[in-house]
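Dropping upload_26.cif in here (mmCIF, C-alpha atoms):
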data_final
loop_
_atom_site.label_atom_id
_atom_site.label_comp_id
_atom_site.auth_asym_id
_atom_site.auth_seq_id
_atom_site.Cartn_x
_atom_site.Cartn_y
_atom_site.Cartn_z
CA MET B 1 3.02 64.90 4.05
CA SER B 2 6.19 65.15 2.03
CA ARG B 3 8.82 62.90 3.49
CA ASN B 4 11.56 60.70 2.11
CA THR B 5 10.11 57.20 2.46
CA THR B 6 13.51 55.62 1.77
CA LEU B 7 14.83 57.31 4.88
CA ASP B 8 11.86 56.00 6.86
CA ASP B 9 12.50 52.50 5.52
CA GLU B 10 16.15 52.68 6.57
CA LEU B 11 15.17 53.83 10.05
CA LEU B 12 12.53 51.10 10.27
CA GLN B 13 15.05 48.45 9.31
CA ARG B 14 17.41 49.70 12.02
CA CYS B 15 14.53 49.70 14.53
CA LYS B 16 13.76 46.08 13.71
CA GLU B 17 17.41 45.27 14.35
CA GLY B 18 17.01 46.73 17.84
CA ASP B 19 18.43 50.21 17.29
CA THR B 20 16.34 52.42 19.59
CA SER B 21 18.09 55.57 18.37
CA ALA B 22 16.48 54.95 14.96
CA PHE B 23 13.09 54.79 16.61
CA ARG B 24 13.88 58.02 18.44
CA ALA B 25 14.59 59.61 15.05
CA LEU B 26 11.22 58.43 13.74
CA VAL B 27 9.48 59.78 16.84
CA ASN B 28 11.17 63.15 16.43
CA THR B 29 10.09 63.27 12.79
CA TYR B 30 6.42 62.45 13.32
CA LYS B 31 5.61 63.49 16.90
CA ASP B 32 4.31 66.96 16.06
CA ALA B 33 2.12 65.82 13.19
CA SER B 34 0.80 62.95 15.32
CA PHE B 35 0.12 65.35 18.18
CA THR B 36 -1.71 67.77 15.87
CA LEU B 37 -3.94 64.99 14.55
CA ALA B 38 -4.63 63.59 18.03
CA SER B 39 -5.47 67.11 19.23
CA SER B 40 -8.00 67.42 16.41
CA VAL B 41 -9.84 64.45 17.88
CA LEU B 42 -9.34 64.94 21.61
CA LYS B 43 -9.34 68.77 21.87
CA ASP B 44 -7.02 68.56 24.85
CA SER B 45 -3.23 68.79 24.68
CA SER B 46 -2.55 66.60 27.70
CA LEU B 47 -4.83 63.80 26.49
CA ALA B 48 -3.48 64.17 22.97
CA GLU B 49 0.09 63.68 24.19
CA ASP B 50 -0.99 60.58 26.11
CA ALA B 51 -2.68 59.23 23.00
CA VAL B 52 0.40 59.85 20.86
CA GLN B 53 2.67 58.21 23.44
CA THR B 54 0.38 55.18 23.56
CA ALA B 55 0.30 55.05 19.76
CA PHE B 56 4.09 55.20 19.46
CA ILE B 57 4.42 52.38 22.01
CA LYS B 58 1.98 50.30 19.94
CA VAL B 59 3.98 51.09 16.81
CA PHE B 60 7.22 50.07 18.51
CA GLU B 61 5.69 46.78 19.62
CA LYS B 62 4.18 46.04 16.21
CA LEU B 63 7.05 47.12 13.98
CA ASP B 64 7.53 43.55 12.77
CA SER B 65 3.95 43.45 11.53
CA PHE B 66 4.40 46.55 9.32
CA ARG B 67 4.31 45.12 5.81
CA HIS B 68 5.25 48.25 3.83
CA ASP B 69 1.93 48.09 1.95
CA SER B 70 1.56 51.77 2.70
CA LYS B 71 3.85 54.59 3.78
CA PHE B 72 5.05 54.42 7.36
CA SER B 73 3.40 57.77 8.08
CA THR B 74 0.05 56.45 6.84
CA TRP B 75 0.32 53.42 9.12
CA LEU B 76 1.46 55.52 12.07
CA PHE B 77 -1.27 58.14 11.69
CA ARG B 78 -3.91 55.42 11.41
CA ILE B 79 -2.76 54.05 14.77
CA VAL B 80 -2.58 57.55 16.28
CA ILE B 81 -6.09 58.41 15.12
CA ASN B 82 -7.59 55.09 16.25
CA THR B 83 -5.93 55.49 19.64
CA ALA B 84 -7.23 59.06 19.93
CA TYR B 85 -10.80 58.05 19.02
CA ASN B 86 -10.69 55.15 21.49
CA MET B 87 -9.41 57.47 24.19
CA ALA B 88 -12.12 60.02 23.37
CA LYS B 89 -14.71 57.27 23.66
CA GLN B 90 -13.34 56.24 27.04
CA GLN B 91 -13.09 59.78 28.30
CA LYS B 92 -16.40 60.77 26.73
CA LYS B 93 -14.74 63.96 25.67
CA HIS B 94 -15.70 64.31 22.04
CA MET B 95 -16.86 67.76 23.00
CA PRO B 96 -14.32 70.50 23.77
CA MET B 97 -13.34 70.54 27.43
CA GLU B 98 -13.86 74.21 27.97
CA VAL B 99 -17.35 75.64 28.05
CA LEU B 100 -17.67 77.42 24.77
CA SER B 101 -19.82 80.38 24.13
CA ASP B 102 -21.38 81.03 20.76
CA SER B 103 -20.99 84.75 21.21
CA PRO B 104 -17.85 86.56 20.04
CA ILE B 105 -15.05 86.86 22.56
CA GLU B 106 -15.16 90.20 24.33
CA THR B 107 -12.05 91.93 23.05
CA ASP B 108 -11.13 95.26 21.60
CA VAL B 109 -11.52 93.94 18.08
CA ASP B 110 -9.92 96.83 16.24
CA ALA B 111 -6.86 96.75 18.42
CA GLU B 112 -6.81 92.99 18.29
CA LEU B 113 -6.88 92.82 14.51
CA LYS B 114 -4.09 95.35 14.18
CA ARG B 115 -1.91 93.08 16.24
CA LEU B 116 -3.05 90.04 14.37
CA LYS B 117 0.33 88.73 13.38
CA GLU B 118 1.16 85.19 12.47
CA ASP B 119 1.16 83.90 16.07
CA ASP B 120 -2.23 85.40 16.71
CA GLN B 121 -3.61 83.94 13.51
CA LYS B 122 -2.30 80.54 14.50
CA LYS B 123 -3.92 80.87 17.93
CA TYR B 124 -7.32 81.80 16.48
CA ILE B 125 -7.21 79.13 13.79
CA ASN B 126 -6.41 76.45 16.36
CA LEU B 127 -9.12 77.77 18.65
CA ALA B 128 -11.58 77.60 15.77
CA LEU B 129 -10.49 74.04 14.92
CA ASN B 130 -10.82 73.12 18.58
CA ARG B 131 -14.45 74.20 18.54
CA MET B 132 -15.26 72.14 15.48
CA LYS B 133 -16.31 68.51 15.22
CA SER B 134 -13.38 66.12 15.58
CA ASP B 135 -13.87 64.52 12.16
CA GLU B 136 -13.98 67.85 10.34
CA ALA B 137 -10.94 69.30 12.10
CA LEU B 138 -9.01 66.09 11.49
CA ILE B 139 -9.85 65.94 7.79
CA LEU B 140 -9.11 69.63 7.24
CA ARG B 141 -5.67 69.22 8.77
CA LEU B 142 -4.90 66.02 6.89
CA PHE B 143 -5.93 67.58 3.58
CA TYR B 144 -4.64 71.15 3.83
CA LEU B 145 -1.88 70.99 6.44
CA TYR B 146 -0.30 67.64 5.58
CA GLU B 147 -1.50 67.58 1.95
CA TYR B 148 -2.79 64.04 1.91
CA THR B 149 -5.06 63.03 -0.96
CA ILE B 150 -8.62 61.89 -0.34
CA VAL B 151 -7.58 58.30 -1.05
CA GLU B 152 -4.79 58.54 1.52
CA ILE B 153 -7.13 60.13 4.08
CA LYS B 154 -9.55 57.25 3.48
CA GLU B 155 -6.71 54.83 4.21
CA ILE B 156 -5.65 56.69 7.35
CA THR B 157 -9.06 57.36 8.88
CA GLY B 158 -11.19 54.56 7.50
CA PHE B 159 -13.84 57.12 6.50
CA THR B 160 -15.60 56.80 3.16
CA LYS B 161 -14.64 59.10 0.28
CA SER B 162 -18.02 60.77 0.33
CA LYS B 163 -17.78 61.50 4.07
CA ILE B 164 -14.32 62.98 3.57
CA LYS B 165 -15.57 65.24 0.77
CA VAL B 166 -18.61 66.33 2.77
CA ASP B 167 -16.50 66.97 5.90
CA LEU B 168 -14.01 69.00 3.85
CA HIS B 169 -16.80 71.19 2.54
CA ARG B 170 -18.54 71.51 5.91
CA GLY B 171 -15.23 71.90 7.68
CA ARG B 172 -14.25 74.95 5.62
CA LYS B 173 -17.63 76.52 6.28
CA ASN B 174 -17.54 75.73 9.98
CA MET B 175 -14.00 77.03 10.34
CA GLN B 176 -15.11 80.33 8.81
CA LEU B 177 -18.11 80.36 11.14
CA GLN B 178 -16.01 79.66 14.22
CA ILE B 179 -13.45 82.32 13.31
CA HIS B 180 -16.35 84.71 12.86
CA LYS B 181 -17.66 83.77 16.31
CA ILE B 182 -14.25 84.27 17.87
CA LEU B 183 -13.42 87.58 16.22
CA GLY B 184 -16.88 88.95 15.69
CA ASN B 185 -17.61 90.82 12.49
CA GLU B 186 -14.05 91.99 12.02
CA THR B 187 -12.79 88.85 10.38
CA THR B 188 -12.01 90.21 6.94
CA GLN B 189 -8.32 90.68 7.65
CA LEU B 190 -7.97 87.05 8.64
CA LEU B 191 -10.26 85.57 6.03
CA MET H 1 -13.93 80.70 2.45
CA ASN H 2 -12.20 79.57 -0.72
CA GLU H 3 -9.81 76.62 -0.86
CA ASP H 4 -6.65 78.67 -1.26
CA ARG H 5 -7.40 80.78 1.79
CA ALA H 6 -8.32 77.69 3.79
CA LYS H 7 -5.01 76.14 2.83
CA VAL H 8 -3.05 79.23 3.85
CA LEU H 9 -4.83 79.39 7.22
CA LEU H 10 -4.63 75.68 7.94
CA LYS H 11 -0.92 75.61 7.12
CA GLN H 12 -0.54 77.51 10.39
CA SER H 13 -2.50 75.03 12.46
CA GLY H 14 0.33 72.64 13.25
CA LEU H 15 0.93 71.98 16.96
CA THR H 16 4.07 70.92 18.79
CA THR H 17 4.55 68.49 21.64
CA THR H 18 6.20 69.35 24.94
CA GLU H 19 10.00 69.48 24.93
CA ASN H 20 10.61 66.24 26.84
CA PHE H 21 8.04 64.23 24.86
CA THR H 22 10.58 61.96 23.15
CA ASP H 23 12.60 61.33 26.32
CA VAL H 24 9.49 60.35 28.29
CA LEU H 25 8.33 58.08 25.49
CA MET H 26 11.69 56.33 25.13
CA GLU H 27 11.81 55.77 28.89
CA LYS H 28 8.37 54.17 28.74
CA ILE H 29 9.42 51.94 25.86
CA GLU H 30 12.59 50.84 27.63
CA ALA H 31 10.63 50.11 30.83
CA LYS H 32 8.05 48.13 28.92
CA SER H 33 10.73 46.15 27.07
CA ALA H 34 12.37 45.27 30.40
CA VAL H 35 9.07 44.00 31.77
CA ARG H 36 8.49 41.90 28.69
CA VAL H 37 11.88 40.25 29.06
CA GLN H 38 11.14 39.42 32.71
CA LEU H 39 7.63 38.19 32.08
CA ALA H 40 7.52 36.49 28.71
CA PHE H 41 4.13 35.15 29.65
CA THR H 42 2.03 35.71 26.59
CA SER H 43 3.52 32.91 24.50
CA ILE H 44 3.25 30.48 27.44
CA LYS H 45 -0.38 31.48 27.90
CA LYS H 46 -1.13 30.84 24.24
CA ALA H 47 0.56 27.43 24.40
CA LEU H 48 -1.41 26.48 27.52
CA PHE H 49 -4.67 27.59 25.97
CA PHE H 50 -3.85 25.47 22.94
CA ILE H 51 -3.13 22.44 25.10
CA ALA H 52 -6.34 23.01 27.12
CA ALA H 53 -8.38 23.24 23.92
CA ILE H 54 -6.86 20.03 22.56
CA LEU H 55 -7.55 18.23 25.86
CA LEU H 56 -11.11 19.43 25.89
CA LEU H 57 -11.74 18.31 22.31
CA LEU H 58 -10.09 14.97 23.04
CA SER H 59 -12.26 14.49 26.13
CA ILE H 60 -15.41 15.26 24.21
CA TYR H 61 -14.38 12.81 21.53
CA ILE H 62 -13.61 10.04 24.03
CA PHE H 63 -16.73 10.48 26.11
CA TYR H 64 -19.19 10.82 23.26
CA SER H 65 -17.81 8.42 20.72
CA ARG H 66 -15.63 5.79 22.38
CA PHE H 67 -17.78 5.35 25.50
CA SER H 68 -21.15 6.25 24.07
CA SER H 69 -22.40 2.70 24.49
CA PHE H 70 -21.39 2.46 28.14
CA SER H 71 -23.17 4.05 31.07
CA GLU H 72 -20.04 3.61 33.25
CA ILE H 73 -16.36 3.43 32.49
CA VAL H 74 -15.19 0.14 33.83
CA ILE H 75 -11.50 0.96 34.10
CA ILE H 76 -12.18 3.79 36.54
CA GLY H 77 -14.48 1.74 38.68
CA ASP H 78 -18.10 2.73 39.14
CA LEU H 79 -17.60 6.45 38.42
CA HIS H 80 -20.29 7.61 36.01
CA ARG H 81 -18.82 8.97 32.78
CA THR H 82 -20.87 12.18 32.96
CA LYS H 83 -19.46 12.95 36.42
CA LEU H 84 -15.95 12.29 35.20
CA PHE H 85 -16.52 14.55 32.23
CA ALA H 86 -17.85 17.28 34.53
CA VAL H 87 -14.79 17.02 36.76
CA LEU H 88 -12.50 17.27 33.76
CA LEU H 89 -14.42 20.24 32.36
CA ILE H 90 -14.30 22.10 35.69
CA THR H 91 -10.55 21.44 35.92
CA VAL H 92 -10.00 22.92 32.45
CA LEU H 93 -12.17 25.95 33.27
CA LEU H 94 -10.29 26.52 36.53
CA ALA H 95 -7.00 26.34 34.63
CA VAL H 96 -8.24 28.88 32.08
CA ASN H 97 -9.47 31.14 34.90
CA TYR H 98 -6.05 30.94 36.54
CA LEU H 99 -4.34 31.89 33.28
CA LEU H 100 -6.67 34.85 32.77
CA LYS H 101 -5.98 36.06 36.32
CA MET H 102 -2.25 35.80 35.70
CA GLN H 103 -2.65 37.76 32.47
CA HIS H 104 -4.65 40.44 34.28
CA ILE H 105 -1.96 40.79 36.97
CA TYR H 106 0.71 40.94 34.27
CA ASN H 107 -1.15 43.65 32.32
CA ASN H 108 -1.69 45.76 35.45
CA TYR H 109 1.97 45.40 36.38
CA SER H 110 3.07 46.44 32.88
CA ASP H 111 0.78 49.48 32.92
CA ASP H 112 2.02 50.51 36.38
CA VAL H 113 5.63 50.30 35.27
CA THR H 114 5.06 52.27 32.08
CA SER H 115 2.88 54.93 33.66
CA THR H 116 5.47 55.65 36.32
CA ALA H 117 8.38 55.66 33.88
#

Mind turning this structure into structure tokens?
Amino acid sequence: MSRNTTLDDELLQRCKEGDTSAFRALVNTYKDASFTLASSVLKDSSLAEDAVQTAFIKVFEKLDSFRHDSKFSTWLFRIVINTAYNMAKQQKKHMPMEVLSDSPIETDVDAELKRLKEDDQKKYINLALNRMKSDEALILRLFYLYEYTIVEIKEITGFTKSKIKVDLHRGRKNMQLQIHKILGNETTQLL
Amino acid sequence: MNEDRAKVLLKQSGLTTTENFTDVLMEKIEAKSAVRVQLAFTSIKKALFFIAAILLLLSIYIFYSRFSSFSEIVIIGDLHRTKLFAVLLITVLLAVNYLLKMQHIYNNYSDDVTSTA
């Protein structure tokens, strides 16, 4: 995730001095990315928001313990992801909440694909990610959406390098499979 | 699916929080900070646990080294040292139990305040 770390450091310093507006700025910068990652794990927007709120509160309380060994975003996302996994464990909701069918969604596929603009694509991609395993969806987003390296993903998630590489490979395949299940055979325009 | 296509598709997979996310969060943080100021209990709890641990270790030392050759402690009358040790141990355990209860009440109160903020 490309971000000026000097700016983060300045905001962090102000936070430590008790400036809550600086923390608000950090929240506004990272809330969407944190929410996206938490959603990858929890598959539920309401739970994901709760997890991100809890994570930000933890971060606020532990700001003094941040030693700048890594980027702030790395530290934050590690807390977000741990919180999300803990919440998933508590809720026993590793599986998607909705009952998912393996059969393609009953739609007029031709008409649907013609209207497949960017918003539609986004909807189907997120639906496909929502149907995938938490680890795979999380790693795909960290790698392709936020452009973290495998070493950074290892630091954020605590997964081994080999697991990350395997999940990247499987994740791409599974995403294709899920998109195929959602759109039926007419997936060529999207893929 | 090749890597480039995966990247293009996944670039669209970012999600956004609800509009009032930051406001709700900052309210929670402010509420939690207020509670912490009112009930700065954690540091007291740690100090008391430390004192309790020291007392316990000291008691063990006294009863098993200093008075190991006596069956009764003369200065306290005819009270058997094992009974005295048991009383002291129960007192320490009760104190620890009390502290844990207080901590539990404090945690519940903090959670209630933040969840309603």

So which residues touch Tyr30 of chain B within 9 Å, counting only C-alpha atoms, skipping near sequence neighbours fewer than 3 positions away, as a list in words?
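These residues fall inside the cut-off: Ala25, Leu26, Val27, Ala33, Ser34, Phe35, Ser73, Leu76 and Phe77 of chain B.
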
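One finds atom CA of Phe49 of chain H at 10.7 Å from atom CA of Asn97 of chain H.
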
Can you list, as a ChimeraX atom specification, the residues that the PyMOL selection byres ((chain H and resi 5-22) around 9) selects here?
/B:24,27-28,31-33,35-37,39,45,49,53,118-119,121-123,125-126,129,140-141,143-146,172,175-176,190-191 /H:1-4,23-27

Output for the residues just chosen: C-alpha atoms as a JSON list (two decimals), in the coordinates of the input:
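The result, stored in result20.json:
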[["chain", "number", "residue", "atom", "x", "y", "z"],
["B", 24, "ARG", "CA", 13.88, 58.02, 18.44],
["B", 27, "VAL", "CA", 9.48, 59.78, 16.84],
["B", 28, "ASN", "CA", 11.17, 63.15, 16.43],
["B", 31, "LYS", "CA", 5.61, 63.49, 16.90],
["B", 32, "ASP", "CA", 4.31, 66.96, 16.06],
["B", 33, "ALA", "CA", 2.12, 65.82, 13.19],
["B", 35, "PHE", "CA", 0.12, 65.35, 18.18],
["B", 36, "THR", "CA", -1.71, 67.77, 15.87],
["B", 37, "LEU", "CA", -3.94, 64.99, 14.55],
["B", 39, "SER", "CA", -5.47, 67.11, 19.23],
["B", 45, "SER", "CA", -3.23, 68.79, 24.68],
["B", 49, "GLU", "CA", 0.09, 63.68, 24.19],
["B", 53, "GLN", "CA", 2.67, 58.21, 23.44],
["B", 118, "GLU", "CA", 1.16, 85.19, 12.47],
["B", 119, "ASP", "CA", 1.16, 83.90, 16.07],
["B", 121, "GLN", "CA", -3.61, 83.94, 13.51],
["B", 122, "LYS", "CA", -2.30, 80.54, 14.50],
["B", 123, "LYS", "CA", -3.92, 80.87, 17.93],
["B", 125, "ILE", "CA", -7.21, 79.13, 13.79],
["B", 126, "ASN", "CA", -6.41, 76.45, 16.36],
["B", 129, "LEU", "CA", -10.49, 74.04, 14.92],
["B", 140, "LEU", "CA", -9.11, 69.63, 7.24],
["B", 141, "ARG", "CA", -5.67, 69.22, 8.77],
["B", 143, "PHE", "CA", -5.93, 67.58, 3.58],
["B", 144, "TYR", "CA", -4.64, 71.15, 3.83],
["B", 145, "LEU", "CA", -1.88, 70.99, 6.44],
["B", 146, "TYR", "CA", -0.30, 67.64, 5.58],
["B", 172, "ARG", "CA", -14.25, 74.95, 5.62],
["B", 175, "MET", "CA", -14.00, 77.03, 10.34],
["B", 176, "GLN", "CA", -15.11, 80.33, 8.81],
["B", 190, "LEU", "CA", -7.97, 87.05, 8.64],
["B", 191, "LEU", "CA", -10.26, 85.57, 6.03],
["H", 1, "MET", "CA", -13.93, 80.70, 2.45],
["H", 2, "ASN", "CA", -12.20, 79.57, -0.72],
["H", 3, "GLU", "CA", -9.81, 76.62, -0.86],
["H", 4, "ASP", "CA", -6.65, 78.67, -1.26],
["H", 23, "ASP", "CA", 12.60, 61.33, 26.32],
["H", 24, "VAL", "CA", 9.49, 60.35, 28.29],
["H", 25, "LEU", "CA", 8.33, 58.08, 25.49],
["H", 26, "MET", "CA", 11.69, 56.33, 25.13],
["H", 27, "GLU", "CA", 11.81, 55.77, 28.89]]

Name the residues within 9 Å of (-11.4, 78.3, 20.7), counting all atoms listed in the file in the file's coordinates, and put them as an mmCIF file with C-alpha atoms, in the frame of the given file.
data_model
loop_
_atom_site.group_PDB
_atom_site.id
_atom_site.type_symbol
_atom_site.label_atom_id
_atom_site.label_comp_id
_atom_site.auth_asym_id
_atom_site.auth_seq_id
_atom_site.Cartn_x
_atom_site.Cartn_y
_atom_site.Cartn_z
ATOM 1 C CA PRO B 96 -14.320 70.500 23.770
ATOM 2 C CA GLU B 98 -13.860 74.210 27.970
ATOM 3 C CA LEU B 100 -17.670 77.420 24.770
ATOM 4 C CA LYS B 123 -3.920 80.870 17.930
ATOM 5 C CA TYR B 124 -7.320 81.800 16.480
ATOM 6 C CA ILE B 125 -7.210 79.130 13.790
ATOM 7 C CA ASN B 126 -6.410 76.450 16.360
ATOM 8 C CA LEU B 127 -9.120 77.770 18.650
ATOM 9 C CA ALA B 128 -11.580 77.600 15.770
ATOM 10 C CA LEU B 129 -10.490 74.040 14.920
ATOM 11 C CA ASN B 130 -10.820 73.120 18.580
ATOM 12 C CA ARG B 131 -14.450 74.200 18.540
ATOM 13 C CA MET B 132 -15.260 72.140 15.480
ATOM 14 C CA GLN B 178 -16.010 79.660 14.220
ATOM 15 C CA ILE B 179 -13.450 82.320 13.310
ATOM 16 C CA ILE B 182 -14.250 84.270 17.870
#

Report the distance between atom CA of Leu42 of chain B and atom CA of Thr83 of chain B in Å, rounded to one decimal place.
10.2 Å

Atoms added to segment 12-28 of chain H (N, CA, C and O atoms), reported as a short mmCIF file (atom, residue, chain, number, x, y, z; two decimals), in the frame of the given file:
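Written out: part_34.cif:
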data_model
loop_
_atom_site.label_atom_id
_atom_site.label_comp_id
_atom_site.auth_asym_id
_atom_site.auth_seq_id
_atom_site.Cartn_x
_atom_site.Cartn_y
_atom_site.Cartn_z
N GLN H 12 -1.04 76.98 9.11
CA GLN H 12 -0.54 77.51 10.39
C GLN H 12 -1.06 76.75 11.59
O GLN H 12 -0.81 77.13 12.73
N SER H 13 -1.81 75.67 11.34
CA SER H 13 -2.50 75.03 12.46
C SER H 13 -1.73 73.86 13.07
O SER H 13 -2.27 73.14 13.91
N GLY H 14 -0.48 73.72 12.68
CA GLY H 14 0.33 72.64 13.25
C GLY H 14 0.65 72.90 14.72
O GLY H 14 0.89 74.04 15.11
N LEU H 15 0.64 71.85 15.53
CA LEU H 15 0.93 71.98 16.96
C LEU H 15 2.23 71.24 17.29
O LEU H 15 2.66 70.38 16.53
N THR H 16 2.82 71.60 18.40
CA THR H 16 4.07 70.92 18.79
C THR H 16 3.91 70.29 20.18
O THR H 16 3.20 70.80 21.03
N THR H 17 4.61 69.20 20.36
CA THR H 17 4.55 68.49 21.64
C THR H 17 5.41 69.23 22.67
O THR H 17 6.14 70.16 22.33
N THR H 18 5.33 68.78 23.91
CA THR H 18 6.20 69.35 24.94
C THR H 18 7.65 68.95 24.66
O THR H 18 7.91 67.97 23.96
N GLU H 19 8.57 69.67 25.26
CA GLU H 19 10.00 69.48 24.93
C GLU H 19 10.51 68.07 25.25
O GLU H 19 11.31 67.50 24.52
N ASN H 20 10.06 67.54 26.40
CA ASN H 20 10.61 66.24 26.84
C ASN H 20 9.77 65.05 26.35
O ASN H 20 9.91 63.94 26.88
N PHE H 21 8.94 65.28 25.36
CA PHE H 21 8.04 64.23 24.86
C PHE H 21 8.82 62.96 24.47
O PHE H 21 8.49 61.85 24.91
N THR H 22 9.85 63.12 23.66
CA THR H 22 10.58 61.96 23.15
C THR H 22 11.29 61.22 24.28
O THR H 22 11.28 59.98 24.33
N ASP H 23 11.88 61.97 25.21
CA ASP H 23 12.60 61.33 26.32
C ASP H 23 11.65 60.50 27.17
O ASP H 23 11.96 59.36 27.53
N VAL H 24 10.48 61.07 27.47
CA VAL H 24 9.49 60.35 28.29
C VAL H 24 9.04 59.09 27.56
O VAL H 24 8.95 58.01 28.16
N LEU H 25 8.79 59.23 26.28
CA LEU H 25 8.33 58.08 25.49
C LEU H 25 9.38 56.97 25.47
O LEU H 25 9.06 55.79 25.68
N MET H 26 10.63 57.34 25.22
CA MET H 26 11.69 56.33 25.13
C MET H 26 11.89 55.64 26.47
O MET H 26 12.17 54.44 26.52
N GLU H 27 11.72 56.39 27.55
CA GLU H 27 11.81 55.77 28.89
C GLU H 27 10.70 54.75 29.08
O GLU H 27 10.92 53.66 29.61
N LYS H 28 9.51 55.11 28.64
CA LYS H 28 8.37 54.17 28.74
C LYS H 28 8.64 52.90 27.94
O LYS H 28 8.38 51.80 28.39
#
